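First comes the structure, then the notes that go with it.
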Amino acid sequence: MTDYSPSFLVLDHNNNHKIAYRQLKKNSNLPSILLLGGFGSNMYGEKATALYNYCNKHNLNLTVFDYLGHGHSSGNFTDYTIGDWYKNCISVIESLTNGPQIIIGSSMGGWLMLLIAQSYPHKVISLLGLAPAPDFTENLIFNKLTQEQKDCLHTNNQIIFTFNKYEDRSYDITDNLIKDGRKHLLLNNDNININCPVILIHSMSDLVVPYSTSIHVAEKITSTNVNLHLIKSGNHYLRDEHSLNVTFSAIQSLLAQC
């Protein structure tokens, strides 16, 4: 019987900061998969659950977790930034994983995936980006704000922002998130120093993160083993049946290269 309850990694006993996670340890002869979720996502979402069930069925090792301020982890969403969530990834890698890792980064997780791969080049053996969104705090939020919104953000330290006018979901965006994001921008660099196999999957119908972002990422990564799979159907979330099957095929392709 599958256990769907989370475990917790305590980061700070004094403040009770803890990261919720789930793990599958199936085959010690295979590398492990680490999923880095999106902005405002949680590990019980549809895509993360589909990946968990796939790995469970196919005897693959997997770690999924919630960043601080997300899902079952502690903290308030607006208290954290890209740098904080990057540190969460480091804590998970160093405390919960052993051996080589295949990192799957979804949306914001695709940004964190690229940062982590550069920090752990000997541990991260391949990458799978699902609609990766590096630099989204600058390119997809701040640069789209009106001057009035920018003034409000600066004065009040927070605004409500919607990425896609066709969706109901909105996000509380803080000035700290924007300012901290600038410390971690990647696409304005000459290159992204990653030399492992990389697969990027992006829907051409993505109304949140344009698929040109994945093209830009592919151009910047120094590895010559980079494949970009564009899906004409689907949307940003890549959780429809076809997109999930493309994702699962990409996982098998990366495992075959290990």
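Convention: chains lettered A, B, ... in structure tokens order; per-chain residue numbering from 1; ligands numbered from 1 as shown.
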Each segment 73-166 of chain A residue no farther than 12 Å from segment 242-257 of chain A, nearest pair in Å, only C-alpha atoms, as JSON lines:
{"residue": "A:Pro100", "atom": "CA", "partner": "A:Leu255", "partner_atom": "CA", "distance": 11.1}
{"residue": "A:Gln101", "atom": "CA", "partner": "A:Leu255", "partner_atom": "CA", "distance": 10.4}
{"residue": "A:Ile102", "atom": "CA", "partner": "A:Leu254", "partner_atom": "CA", "distance": 7.9}
{"residue": "A:Ile103", "atom": "CA", "partner": "A:Ile251", "partner_atom": "CA", "distance": 9.9}
{"residue": "A:Ile104", "atom": "CA", "partner": "A:Ile251", "partner_atom": "CA", "distance": 8.9}
{"residue": "A:Gly105", "atom": "CA", "partner": "A:Thr247", "partner_atom": "CA", "distance": 11.4}
{"residue": "A:Ser106", "atom": "CA", "partner": "A:Thr247", "partner_atom": "CA", "distance": 11.0}
{"residue": "A:Val124", "atom": "CA", "partner": "A:Leu254", "partner_atom": "CA", "distance": 11.9}
{"residue": "A:Ile125", "atom": "CA", "partner": "A:Leu254", "partner_atom": "CA", "distance": 9.0}
{"residue": "A:Ser126", "atom": "CA", "partner": "A:Leu254", "partner_atom": "CA", "distance": 6.8}
{"residue": "A:Leu127", "atom": "CA", "partner": "A:Leu254", "partner_atom": "CA", "distance": 8.1}
{"residue": "A:Leu128", "atom": "CA", "partner": "A:Ala250", "partner_atom": "CA", "distance": 7.5}
{"residue": "A:Gly129", "atom": "CA", "partner": "A:Thr247", "partner_atom": "CA", "distance": 9.4}
{"residue": "A:Leu130", "atom": "CA", "partner": "A:Thr247", "partner_atom": "CA", "distance": 8.0}
{"residue": "A:Ala131", "atom": "CA", "partner": "A:Ser243", "partner_atom": "CA", "distance": 11.0}
Polymer residues at most 9 Å from Lys220 of chain A, only C-alpha atoms, same-chain spacing of 3 or more positions, as a PDB file with C-alpha atoms, in the first residue's frame:
ATOM      1  CA  LEU A 186      20.783  33.459 -15.735  1.00  0.00           C
ATOM      2  CA  LEU A 187      19.620  34.433 -19.197  1.00  0.00           C
ATOM      3  CA  ASN A 189      24.845  35.667 -18.856  1.00  0.00           C
ATOM      4  CA  ASP A 190      26.939  34.664 -21.860  1.00  0.00           C
ATOM      5  CA  ASN A 191      26.304  31.021 -21.036  1.00  0.00           C
ATOM      6  CA  ILE A 192      24.945  28.654 -18.415  1.00  0.00           C
ATOM      7  CA  ASN A 193      27.783  26.359 -17.395  1.00  0.00           C
ATOM      8  CA  ILE A 215      14.942  27.929 -26.767  1.00  0.00           C
ATOM      9  CA  HIS A 216      16.945  30.620 -24.990  1.00  0.00           C
ATOM     10  CA  VAL A 217      17.917  28.190 -22.218  1.00  0.00           C
ATOM     11  CA  SER A 223      26.380  21.129 -22.936  1.00  0.00           C
TER      12      SER A 223
END
- Residue neighbourhood segment 84-94 of chain A, 9 Å, only C-alpha atoms, exclusion window fewer than 6 positions, as a PyMOL selection string: chain A and resi 9+11+19+21+34+36+63+65-68+101+112-113+115-116
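Among A:Ser73, A:Thr162, A:Thr213, A:Ser95, the residue with the shortest atom-to-atom distance to Asp135 of chain A, counting only C-alpha atoms, is A:Thr213.
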- Hey, which of A:His122, A:Tyr44, A:Thr137, A:Phe8 ends up closest to Ser74 of chain A? Count only C-alpha atoms.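 Selected residue with least distance to Ser74 of chain A: A:Phe8.
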